[in-house]
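Chemist: What follows is entry09.txt; its format and atoms are compact mmCIF, C-alpha atoms (C1' of nucleotides).
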```txt
# COMPACT_ATOMS: atom_id res chain seq x y z
CA MET A 1 129.53 55.90 119.16
CA ASP A 2 129.46 58.32 122.04
CA LYS A 3 130.36 56.30 125.10
CA ARG A 4 128.85 58.86 127.42
CA GLN A 5 125.52 58.36 125.70
CA LEU A 6 125.93 54.57 125.72
CA LEU A 7 126.44 54.78 129.47
CA LEU A 8 123.38 56.97 129.96
CA ASP A 9 121.26 54.59 127.86
CA ALA A 10 122.48 51.55 129.75
CA ALA A 11 121.97 53.27 133.10
CA LEU A 12 118.42 54.27 132.15
CA LYS A 13 117.44 50.73 131.25
CA LEU A 14 119.01 49.19 134.35
CA PHE A 15 117.83 51.85 136.80
CA VAL A 16 114.23 51.33 135.73
CA GLU A 17 114.60 47.57 136.09
CA TYR A 18 116.61 47.37 139.32
CA GLY A 19 116.45 50.82 140.91
CA PHE A 20 119.34 53.23 141.45
CA HIS A 21 121.11 51.43 144.24
CA GLY A 22 120.08 48.05 142.92
CA THR A 23 122.22 48.66 139.85
CA PRO A 24 126.00 48.31 140.27
CA THR A 25 128.19 50.64 138.24
CA SER A 26 130.02 47.56 136.94
CA LEU A 27 126.78 46.31 135.37
CA ILE A 28 126.11 49.67 133.76
CA ALA A 29 129.57 49.64 132.20
CA LYS A 30 129.09 46.06 131.00
CA GLU A 31 125.67 46.84 129.48
CA ALA A 32 127.15 49.88 127.75
CA GLY A 33 130.00 47.77 126.44
CA VAL A 34 132.72 49.94 127.97
CA ALA A 35 135.28 49.39 130.68
CA ASN A 36 134.53 49.94 134.32
CA GLY A 37 136.78 52.92 134.64
CA THR A 38 135.26 54.65 131.62
CA LEU A 39 132.10 55.29 133.59
CA PHE A 40 134.12 57.25 136.12
CA HIS A 41 135.88 59.11 133.37
CA TYR A 42 132.57 60.66 132.30
CA PHE A 43 130.88 60.81 135.71
CA LYS A 44 132.90 61.48 138.84
CA THR A 45 130.50 59.49 141.01
CA LYS A 46 127.50 57.23 140.57
CA ASP A 47 125.29 59.97 142.03
CA GLU A 48 126.54 62.35 139.37
CA LEU A 49 125.49 59.84 136.71
CA VAL A 50 122.00 59.56 138.20
CA VAL A 51 121.55 63.32 138.31
CA ALA A 52 123.03 63.81 134.84
CA LEU A 53 120.59 61.26 133.44
CA TYR A 54 117.68 63.09 135.03
CA VAL A 55 118.78 66.46 133.70
CA ASP A 56 119.36 64.99 130.25
CA ILE A 57 115.92 63.39 130.06
CA LYS A 58 114.15 66.45 131.41
CA SER A 59 115.69 68.71 128.81
CA ARG A 60 114.83 66.32 125.98
CA MET A 61 111.26 66.12 127.17
CA SER A 62 110.63 69.82 127.50
CA GLY A 63 112.40 70.36 124.19
CA TYR A 64 109.97 67.98 122.54
CA VAL A 65 106.91 69.46 124.22
CA PHE A 66 107.76 73.04 123.26
CA GLU A 67 108.78 72.08 119.75
CA ASN A 68 105.38 70.47 119.16
CA ALA A 69 103.20 72.98 120.93
CA LYS A 70 104.35 76.28 119.51
CA GLY A 71 102.33 78.38 117.13
CA GLN A 72 98.79 77.44 118.08
CA ALA A 73 96.03 79.90 117.33
CA THR A 74 94.00 79.92 120.53
CA PHE A 75 94.93 79.58 124.17
CA LYS A 76 93.03 76.34 124.54
CA GLU A 77 94.82 74.87 121.54
CA THR A 78 98.18 75.78 123.02
CA VAL A 79 97.35 74.08 126.29
CA LYS A 80 95.94 71.09 124.47
CA GLU A 81 98.96 70.66 122.23
CA GLN A 82 101.26 70.75 125.25
CA TYR A 83 99.09 68.17 126.94
CA LEU A 84 99.09 65.93 123.86
CA ALA A 85 102.82 66.34 123.30
CA SER A 86 103.56 65.40 126.92
CA LEU A 87 101.51 62.25 126.68
CA TYR A 88 102.83 61.18 123.28
CA TRP A 89 106.34 61.74 124.48
CA ALA A 90 105.68 59.64 127.59
CA LEU A 91 104.16 56.86 125.48
CA ASP A 92 107.16 56.82 123.16
CA ASN A 93 109.64 57.08 126.02
CA GLN A 94 108.30 54.88 128.75
CA LEU A 95 111.68 54.07 130.24
CA GLN A 96 112.45 57.76 130.51
CA PHE A 97 109.06 58.47 132.02
CA ARG A 98 109.38 55.77 134.63
CA PHE A 99 112.91 56.86 135.48
CA VAL A 100 111.79 60.44 136.02
CA GLU A 101 108.95 59.34 138.29
CA GLN A 102 111.29 57.11 140.27
CA PHE A 103 113.75 59.96 140.56
CA LYS A 104 111.13 62.49 141.62
CA ASN A 105 109.96 60.26 144.44
CA SER A 106 113.45 59.44 145.65
CA PRO A 107 115.83 61.29 147.95
CA TYR A 108 117.91 62.14 144.85
CA LEU A 109 115.47 64.93 144.05
CA ALA A 110 117.07 66.94 146.85
CA GLN A 111 120.20 67.14 144.69
CA ILE A 112 118.39 69.29 142.14
CA ALA A 113 118.58 72.94 143.10
CA PRO A 114 115.13 74.44 143.83
CA ASP A 115 115.70 77.33 141.42
CA GLU A 116 116.51 74.84 138.67
CA ILE A 117 113.14 73.19 139.23
CA GLU A 118 111.47 76.57 139.27
CA ALA A 119 113.11 77.59 136.03
CA SER A 120 111.90 74.44 134.28
CA ILE A 121 108.27 75.04 135.20
CA LYS A 122 108.31 78.80 134.67
CA PRO A 123 107.06 78.66 131.05
CA PHE A 124 104.00 76.72 132.21
CA HIS A 125 103.36 79.14 135.05
CA ASP A 126 103.52 82.04 132.65
CA MET A 127 101.11 80.38 130.29
CA LEU A 128 98.64 79.61 133.06
CA ASN A 129 98.88 83.17 134.35
CA LYS A 130 98.00 84.41 130.90
CA GLY A 131 94.96 82.13 130.87
CA ILE A 132 93.82 83.45 134.21
CA LYS A 133 94.29 87.06 133.17
CA GLU A 134 92.18 86.41 130.08
CA LYS A 135 89.54 84.86 132.36
CA ILE A 136 89.69 81.52 130.53
CA ILE A 137 91.04 79.56 133.48
CA LYS A 138 89.75 79.46 137.05
CA PRO A 139 91.45 82.08 139.26
CA GLN A 140 93.32 79.54 141.38
CA PRO A 141 97.01 79.74 142.38
CA VAL A 142 99.08 78.80 139.33
CA ASP A 143 101.18 76.24 141.16
CA LEU A 144 98.00 74.50 142.26
CA LEU A 145 96.76 74.42 138.69
CA PHE A 146 100.14 73.25 137.44
CA THR A 147 100.26 70.45 140.00
CA LEU A 148 96.76 69.34 139.04
CA ILE A 149 97.57 69.30 135.34
CA SER A 150 100.82 67.43 135.95
CA SER A 151 99.23 64.75 138.06
CA HIS A 152 96.33 64.44 135.64
CA THR A 153 98.82 63.84 132.85
CA TYR A 154 100.70 61.37 134.98
CA GLY A 155 97.46 59.50 135.76
CA ILE A 156 96.39 59.24 132.13
CA ASN A 157 99.79 57.96 131.18
CA GLN A 158 99.66 55.28 133.88
CA TYR A 159 96.29 54.27 132.52
CA LEU A 160 97.47 54.14 128.93
CA ILE A 161 100.53 52.07 129.80
CA SER A 162 98.69 49.55 131.97
CA GLY A 163 95.84 49.17 129.49
CA ASN A 164 98.04 48.52 126.43
CA PHE A 165 95.54 49.93 123.97
CA PRO A 166 95.83 50.23 120.19
CA LYS A 167 96.94 53.58 118.80
CA ALA A 168 93.44 54.75 117.87
CA LYS A 169 92.05 54.01 121.32
CA GLN A 170 95.03 55.78 122.92
CA HIS A 171 94.29 58.85 120.87
CA GLN A 172 90.65 58.78 121.88
CA VAL A 173 91.46 58.45 125.60
CA ILE A 174 93.93 61.31 125.38
CA SER A 175 91.46 63.55 123.58
CA GLU A 176 88.60 62.82 125.91
CA SER A 177 90.71 63.15 129.02
CA PHE A 178 91.87 66.55 127.86
CA GLU A 179 88.28 67.69 127.73
CA MET A 180 87.81 66.43 131.28
CA LEU A 181 90.92 68.30 132.36
CA TRP A 182 89.77 71.42 130.58
CA ALA A 183 86.36 71.19 132.26
CA MET A 184 88.16 71.06 135.59
CA ILE A 185 90.34 74.12 135.19
CA THR A 186 87.97 76.48 133.37
CA MET B 1 107.42 47.98 173.36
CA ASP B 2 106.87 45.89 170.25
CA LYS B 3 110.26 45.62 168.59
CA ARG B 4 108.72 44.68 165.27
CA GLN B 5 106.88 47.98 165.28
CA LEU B 6 109.97 49.87 166.43
CA LEU B 7 111.80 48.41 163.44
CA LEU B 8 109.01 49.37 161.04
CA ASP B 9 108.97 52.91 162.42
CA ALA B 10 112.72 53.27 162.14
CA ALA B 11 112.75 51.79 158.64
CA LEU B 12 110.01 54.19 157.52
CA LYS B 13 111.90 57.23 158.70
CA LEU B 14 115.21 56.14 157.21
CA PHE B 15 113.80 54.87 153.90
CA VAL B 16 112.15 58.22 153.26
CA GLU B 17 115.38 60.03 154.07
CA TYR B 18 117.91 57.79 152.33
CA GLY B 19 115.93 55.46 150.05
CA PHE B 20 115.60 51.70 150.33
CA HIS B 21 119.06 50.68 149.28
CA GLY B 22 120.58 53.78 150.75
CA THR B 23 119.60 52.60 154.20
CA PRO B 24 121.70 49.78 155.71
CA THR B 25 119.90 47.25 157.89
CA SER B 26 122.43 47.99 160.61
CA LEU B 27 121.25 51.60 160.72
CA ILE B 28 117.61 50.56 160.93
CA ALA B 29 118.39 48.33 163.92
CA LYS B 30 120.38 51.09 165.59
CA GLU B 31 117.60 53.66 165.06
CA ALA B 32 115.07 51.20 166.46
CA GLY B 33 117.32 50.56 169.46
CA VAL B 34 117.58 46.83 168.92
CA ALA B 35 120.38 44.50 167.96
CA ASN B 36 121.36 43.84 164.40
CA GLY B 37 120.16 40.26 164.41
CA THR B 38 116.74 41.16 165.82
CA LEU B 39 115.78 42.71 162.51
CA PHE B 40 116.32 39.35 160.82
CA HIS B 41 114.31 37.59 163.49
CA TYR B 42 111.22 39.53 162.46
CA PHE B 43 111.98 39.87 158.75
CA LYS B 44 113.82 37.12 156.93
CA THR B 45 115.34 39.55 154.45
CA LYS B 46 115.58 43.29 153.95
CA ASP B 47 113.22 43.02 150.99
CA GLU B 48 110.65 41.36 153.23
CA LEU B 49 110.89 44.31 155.61
CA VAL B 50 110.32 46.78 152.78
CA VAL B 51 107.27 44.91 151.52
CA ALA B 52 105.90 44.37 155.05
CA LEU B 53 106.17 48.08 155.70
CA TYR B 54 104.25 48.85 152.53
CA VAL B 55 101.49 46.36 153.34
CA ASP B 56 101.27 47.68 156.91
CA ILE B 57 100.91 51.30 155.83
CA LYS B 58 98.45 50.51 153.07
CA SER B 59 96.13 48.67 155.46
CA ARG B 60 96.29 51.46 158.04
CA MET B 61 95.46 54.02 155.39
CA SER B 62 92.48 52.23 153.88
CA GLY B 63 91.26 51.40 157.39
CA TYR B 64 91.29 55.09 158.21
CA VAL B 65 89.60 56.15 154.97
CA PHE B 66 86.76 53.64 155.27
CA GLU B 67 86.28 54.31 158.97
CA ASN B 68 85.78 58.00 158.26
CA ALA B 69 83.74 57.76 155.10
CA LYS B 70 81.03 55.29 156.02
CA GLY B 71 77.42 56.20 156.55
CA GLN B 72 77.07 59.22 154.28
CA ALA B 73 73.63 60.11 153.00
CA THR B 74 74.25 60.81 149.30
CA PHE B 75 76.63 59.37 146.75
CA LYS B 76 78.47 62.66 146.37
CA GLU B 77 78.94 62.91 150.13
CA THR B 78 80.41 59.41 150.24
CA VAL B 79 82.91 60.21 147.51
CA LYS B 80 83.74 63.54 149.13
CA GLU B 81 84.32 62.03 152.57
CA GLN B 82 86.67 59.46 151.09
CA TYR B 83 88.51 62.20 149.27
CA LEU B 84 88.78 64.31 152.42
CA ALA B 85 89.83 61.34 154.59
CA SER B 86 92.58 60.39 152.11
CA LEU B 87 93.98 63.89 152.12
CA TYR B 88 93.79 64.39 155.89
CA TRP B 89 95.44 61.03 156.41
CA ALA B 90 98.21 61.98 154.00
CA LEU B 91 98.70 65.33 155.75
CA ASP B 92 98.95 63.63 159.16
CA ASN B 93 101.17 60.83 157.86
CA GLN B 94 103.55 62.48 155.46
CA LEU B 95 106.36 59.98 156.00
CA GLN B 96 103.98 57.15 155.22
CA PHE B 97 102.68 58.94 152.16
CA ARG B 98 106.13 59.61 150.80
CA PHE B 99 107.21 56.05 151.47
CA VAL B 100 104.23 54.68 149.57
CA GLU B 101 104.94 56.92 146.59
CA GLN B 102 108.59 55.93 146.58
CA PHE B 103 107.59 52.28 146.78
CA LYS B 104 105.01 52.53 144.01
CA ASN B 105 107.55 54.03 141.64
CA SER B 106 110.26 51.51 142.48
CA PRO B 107 110.94 48.00 141.19
CA TYR B 108 109.72 46.70 144.58
CA LEU B 109 106.15 47.15 143.40
CA ALA B 110 106.60 44.02 141.30
CA GLN B 111 106.79 42.05 144.55
CA ILE B 112 103.16 42.85 145.32
CA ALA B 113 100.88 40.29 143.70
CA PRO B 114 98.58 41.89 141.08
CA ASP B 115 95.45 40.35 142.67
CA GLU B 116 96.43 41.91 145.99
CA ILE B 117 96.51 45.32 144.31
CA GLU B 118 93.21 44.61 142.61
CA ALA B 119 91.59 43.59 145.89
CA SER B 120 92.68 46.82 147.57
CA ILE B 121 91.09 49.01 144.91
CA LYS B 122 87.97 46.90 144.44
CA PRO B 123 85.82 48.88 146.93
CA PHE B 124 86.56 52.05 144.99
CA HIS B 125 85.75 50.41 141.68
CA ASP B 126 82.45 49.17 143.06
CA MET B 127 81.58 52.61 144.32
CA LEU B 128 82.40 54.24 141.00
CA ASN B 129 80.38 51.64 139.13
CA LYS B 130 77.45 52.47 141.32
CA GLY B 131 77.86 56.15 140.50
CA ILE B 132 77.92 55.40 136.79
CA LYS B 133 74.86 53.16 136.99
CA GLU B 134 72.99 55.95 138.77
CA LYS B 135 74.09 58.32 135.98
CA ILE B 136 75.87 60.62 138.42
CA ILE B 137 79.36 59.99 137.07
CA LYS B 138 80.57 60.13 133.46
CA PRO B 139 80.34 56.74 131.73
CA GLN B 140 84.11 56.27 131.45
CA PRO B 141 86.02 53.08 132.32
CA VAL B 142 86.21 52.80 136.12
CA ASP B 143 89.95 52.24 136.22
CA LEU B 144 90.44 55.41 134.21
CA LEU B 145 88.25 57.33 136.66
CA PHE B 146 90.03 55.73 139.61
CA THR B 147 93.44 56.63 138.22
CA LEU B 148 92.31 60.21 137.63
CA ILE B 149 90.96 60.55 141.17
CA SER B 150 94.09 59.01 142.67
CA SER B 151 96.44 61.25 140.81
CA HIS B 152 94.30 64.30 141.55
CA THR B 153 94.51 63.44 145.25
CA TYR B 154 98.25 62.93 144.95
CA GLY B 155 98.64 66.29 143.25
CA ILE B 156 96.66 68.19 145.85
CA ASN B 157 98.66 66.57 148.60
CA GLN B 158 101.92 67.59 146.92
CA TYR B 159 100.61 71.12 146.74
CA LEU B 160 99.53 71.19 150.38
CA ILE B 161 102.85 69.83 151.61
CA SER B 162 105.00 72.18 149.55
CA GLY B 163 102.89 75.22 150.40
CA ASN B 164 102.90 74.70 154.17
CA PHE B 165 99.55 76.42 154.73
CA PRO B 166 97.66 77.00 157.99
CA LYS B 167 94.91 74.49 158.84
CA ALA B 168 92.07 76.74 157.68
CA LYS B 169 93.66 77.36 154.29
CA GLN B 170 94.36 73.64 153.88
CA HIS B 171 90.71 72.90 154.48
CA GLN B 172 89.67 75.47 151.92
CA VAL B 173 92.02 74.10 149.26
CA ILE B 174 90.79 70.57 149.89
CA SER B 175 87.15 71.60 149.67
CA GLU B 176 87.58 73.66 146.53
CA SER B 177 89.72 71.04 144.83
CA PHE B 178 87.06 68.44 145.49
CA GLU B 179 84.57 70.55 143.61
CA MET B 180 87.02 70.76 140.71
CA LEU B 181 87.43 67.00 140.79
CA TRP B 182 83.68 66.50 140.96
CA ALA B 183 83.20 68.82 138.00
CA MET B 184 85.64 66.68 136.07
CA ILE B 185 84.04 63.30 136.63
CA THR B 186 80.32 64.21 136.46
C1' DA C 1 111.05 22.72 189.56
C1' DC C 2 112.00 21.66 184.93
C1' DA C 3 111.62 21.74 179.88
C1' DT C 4 110.71 23.99 175.71
C1' DT C 5 109.87 27.47 172.91
C1' DT C 6 110.43 32.17 171.54
C1' DG C 7 112.93 36.54 171.68
C1' DT C 8 117.36 38.79 171.63
C1' DT C 9 122.09 39.71 171.14
C1' DG C 10 126.39 41.41 168.62
C1' DA C 11 130.53 39.60 166.80
C1' DC C 12 131.48 37.60 162.58
C1' DT C 13 131.76 36.36 157.37
C1' DG C 14 131.64 36.10 152.37
C1' DT C 15 130.33 38.97 148.99
C1' DT C 16 129.51 43.06 146.60
C1' DT C 17 130.47 47.68 145.71
C1' DA C 18 132.08 52.46 144.35
C1' DG C 19 135.86 54.36 143.12
C1' DT C 20 141.24 54.37 142.00
C1' DC C 21 145.21 54.08 139.33
C1' DA C 22 149.07 52.91 136.55
C1' DG C 23 149.41 52.42 132.23
C1' DT C 24 147.81 51.75 127.04
C1' DC C 25 145.67 53.45 122.97
C1' DT C 26 144.25 57.07 119.53
C1' DG C 27 144.00 61.24 117.33
C1' DT C 28 145.89 65.70 116.40
C1' DA C 29 148.99 69.44 116.15
C1' DT C 30 153.73 70.81 115.19
C1' DA D 1 158.61 61.71 113.30
C1' DT D 2 157.59 63.44 117.83
C1' DA D 3 155.10 65.20 121.49
C1' DC D 4 151.11 65.67 123.91
C1' DA D 5 146.38 65.29 125.60
C1' DG D 6 142.44 63.17 126.34
C1' DA D 7 139.94 58.71 125.93
C1' DC D 8 139.99 54.34 127.65
C1' DT D 9 141.16 50.07 130.14
C1' DG D 10 140.53 46.40 133.78
C1' DA D 11 142.83 44.66 137.75
C1' DC D 12 142.75 46.21 142.20
C1' DT D 13 141.30 47.93 147.10
C1' DA D 14 139.12 49.53 151.13
C1' DA D 15 134.78 49.89 152.88
C1' DA D 16 130.13 48.60 153.40
C1' DC D 17 126.76 45.36 153.30
C1' DA D 18 123.03 41.62 154.15
C1' DG D 19 122.55 37.89 156.47
C1' DT D 20 124.38 33.99 159.97
C1' DC D 21 125.08 31.91 164.20
C1' DA D 22 126.16 30.29 168.70
C1' DA D 23 125.08 31.76 172.98
C1' DC D 24 122.12 33.77 176.35
C1' DA D 25 117.49 35.62 178.40
C1' DA D 26 112.60 35.60 179.12
C1' DA D 27 108.42 33.80 178.94
C1' DT D 28 105.26 29.93 178.87
C1' DG D 29 103.60 25.47 179.57
C1' DT D 30 103.55 21.04 182.49
```
For this file, write the structure as structure tokens.
Modeler:
Amino acid sequence: MDKRQLLLDAALKLFVEYGFHGTPTSLIAKEAGVANGTLFHYFKTKDELVVALYVDIKSRMSGYVFENAKGQATFKETVKEQYLASLYWALDNQLQFRFVEQFKNSPYLAQIAPDEIEASIKPFHDMLNKGIKEKIIKPQPVDLLFTLISSHTYGINQYLISGNFPKAKQHQVISESFEMLWAMIT
Amino acid sequence: MDKRQLLLDAALKLFVEYGFHGTPTSLIAKEAGVANGTLFHYFKTKDELVVALYVDIKSRMSGYVFENAKGQATFKETVKEQYLASLYWALDNQLQFRFVEQFKNSPYLAQIAPDEIEASIKPFHDMLNKGIKEKIIKPQPVDLLFTLISSHTYGINQYLISGNFPKAKQHQVISESFEMLWAMIT
DNA sequence: ACATTTGTTGACTGTTTAGTCAGTCTGTAT
DNA sequence: ATACAGACTGACTAAACAGTCAACAAATGT
């Protein structure tokens, strides 16, 4: 068992339940089943743990999305597969999703370097630019389009979580909402 | 000077900068220019202050939106005015907006009674239902539509804040994005 | 004038917290 | 076998914290 991972898992669960500052490091260590000091062996400070958890989750998520969305025939299919992959990932990783949203709306976000953020969204920007050049997507600024797609995805996920639908219904909502999104940006 | 309001103002500023738990009550009192104990005269606990601030901001915001959006001729104009009012309010009250987002994504949200949340969104639900009945809006579940509109609004606001555009450009983005939103839901 | 409530103060307290540290354990290389 | 490094421990500490309280001030009612 990798104790670093145990600590990250425990921190994720507790942060979502109690918030960053509402969760003592001692509780994280206890939940992970390791000694107090072990936490500070892997993470110099509590802040470092919070940021490391964010970075870790982000990389897993984009890994998943790109893994599932590569090799589509048409442009629309590529966009759709990325959209679907994002939502299925969020549904299967609700703790992670909620942590990321909490993090993004907290002062911690300032600890992520702007160019790191930029790098993580660059692939999407490039894809959208391609769509604009091919006259498939509305000629709007790419970061506007990206923001709209992101918040649309976020909204649908909120809806799916709060509604607690069966798998088939979830799939239907996701499919239909993609068509609504597509209608908006093309 | 109303010291309760001074405390709310100070808390808002500091919560956005340092987060809820990252802001000591002593600092809030100092920023407000009142004694430590005065904070606990108006708010029994720190949690109560956080929740009171949220309720206060929410009521100001919906007051503003409804004040500005009443008495429109057509259904589309009513929806549009509400959309515009929300965005202009958010632009003029960025601290409040950021606080609300931080609150909504934090465990504090659980302290707001579900029926209170429901009551606050009821007017919007009713309006959307009307639009569906009149066959103007897509026959989707109202809470799905509401979530989509909310997150769209959130996204546009994020874009406007990060871009730091002149007033004229802001207006243009808001107008154009409403048409995109309208295209999506009709 | 007096009484009573309501607002205000800041020193104080008991508890909680992030982070330290001296030392133990475990694996690996020589 | 021995040496060494890195993982790991949990008791400990110094600081920070939310909330209390006894005393005082201002306003309000009678």
Chemist: Report as a Markdown table the residues of chain A within 12 Å of chain C, each with its shortest atom pair and distance in Å (one decimal), using all atoms listed in the file, ordered by chain and increasing residue number.
Modeler:
```
| residue | atom | partner | partner_atom | distance |
| --- | --- | --- | --- | --- |
| A:His21 | CA | C:DT17 | C1' | 10.2 |
| A:Gly22 | CA | C:DT17 | C1' | 10.8 |
| A:Thr23 | CA | C:DT17 | C1' | 10.2 |
| A:Pro24 | CA | C:DT17 | C1' | 7.1 |
| A:Thr25 | CA | C:DA18 | C1' | 7.5 |
| A:Ser26 | CA | C:DT17 | C1' | 8.8 |
| A:Leu27 | CA | C:DT17 | C1' | 11.1 |
| A:Asn36 | CA | C:DG19 | C1' | 9.9 |
| A:Gly37 | CA | C:DG19 | C1' | 8.7 |
| A:Thr38 | CA | C:DG19 | C1' | 11.5 |
| A:Leu39 | CA | C:DG19 | C1' | 10.3 |
| A:Phe40 | CA | C:DG19 | C1' | 7.8 |
| A:His41 | CA | C:DG19 | C1' | 10.8 |
| A:Phe43 | CA | C:DG19 | C1' | 11.0 |
| A:Lys44 | CA | C:DG19 | C1' | 8.8 |
| A:Thr45 | CA | C:DG19 | C1' | 7.7 |
| A:Lys46 | CA | C:DA18 | C1' | 7.6 |
| A:Asp47 | CA | C:DA18 | C1' | 10.4 |
```
Chemist: Quick one: which residues from chain D are at most 8 Å off chain B, using only C-alpha atoms (C1' of nucleotides), as a short mmCIF file (atom, residue, chain, number, x, y, z; two decimals) with C-alpha atoms (C1' of nucleotides), in the coordinates of the input?
Modeler:
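Final file, out_7.cif:
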```
data_model
loop_
_atom_site.label_atom_id
_atom_site.label_comp_id
_atom_site.auth_asym_id
_atom_site.auth_seq_id
_atom_site.Cartn_x
_atom_site.Cartn_y
_atom_site.Cartn_z
"C1'" DC D 17 126.76 45.36 153.30
"C1'" DA D 18 123.03 41.62 154.15
"C1'" DG D 19 122.55 37.89 156.47
#
```
Chemist: To one decimal in Å, tell me the separation between atom C1' of D:DA16 and atom CA of B:Tyr18.
Modeler: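 Taking atom C1' of D:DA16 as the start and atom CA of B:Tyr18 as the end point, the length is 15.3 Å.
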Chemist: Taking all atoms listed in the file into account, report as a PyMOL selection string which residues of chain A lie within 8 Å of chain B.
Modeler: chain A and resi 16-19+21-22+98+101-102+105-107+143-144+147-148+150-152+154-156+158-159+180-181+183-185
Chemist: For the atom pair atom CA of B:Pro139 and atom CA of B:Asn68, what is the interatomic distance in Å to one decimal place?
Modeler: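 Interatomic distance, atom CA of B:Pro139 to atom CA of B:Asn68: 27.1 Å.
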Chemist: For the atom pair atom C1' of D:DA11 and atom CA of A:Ala35, what is the interatomic distance in Å to one decimal place?
Modeler: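 So the two atoms, atom C1' of D:DA11 and atom CA of A:Ala35, lie 11.4 Å apart.
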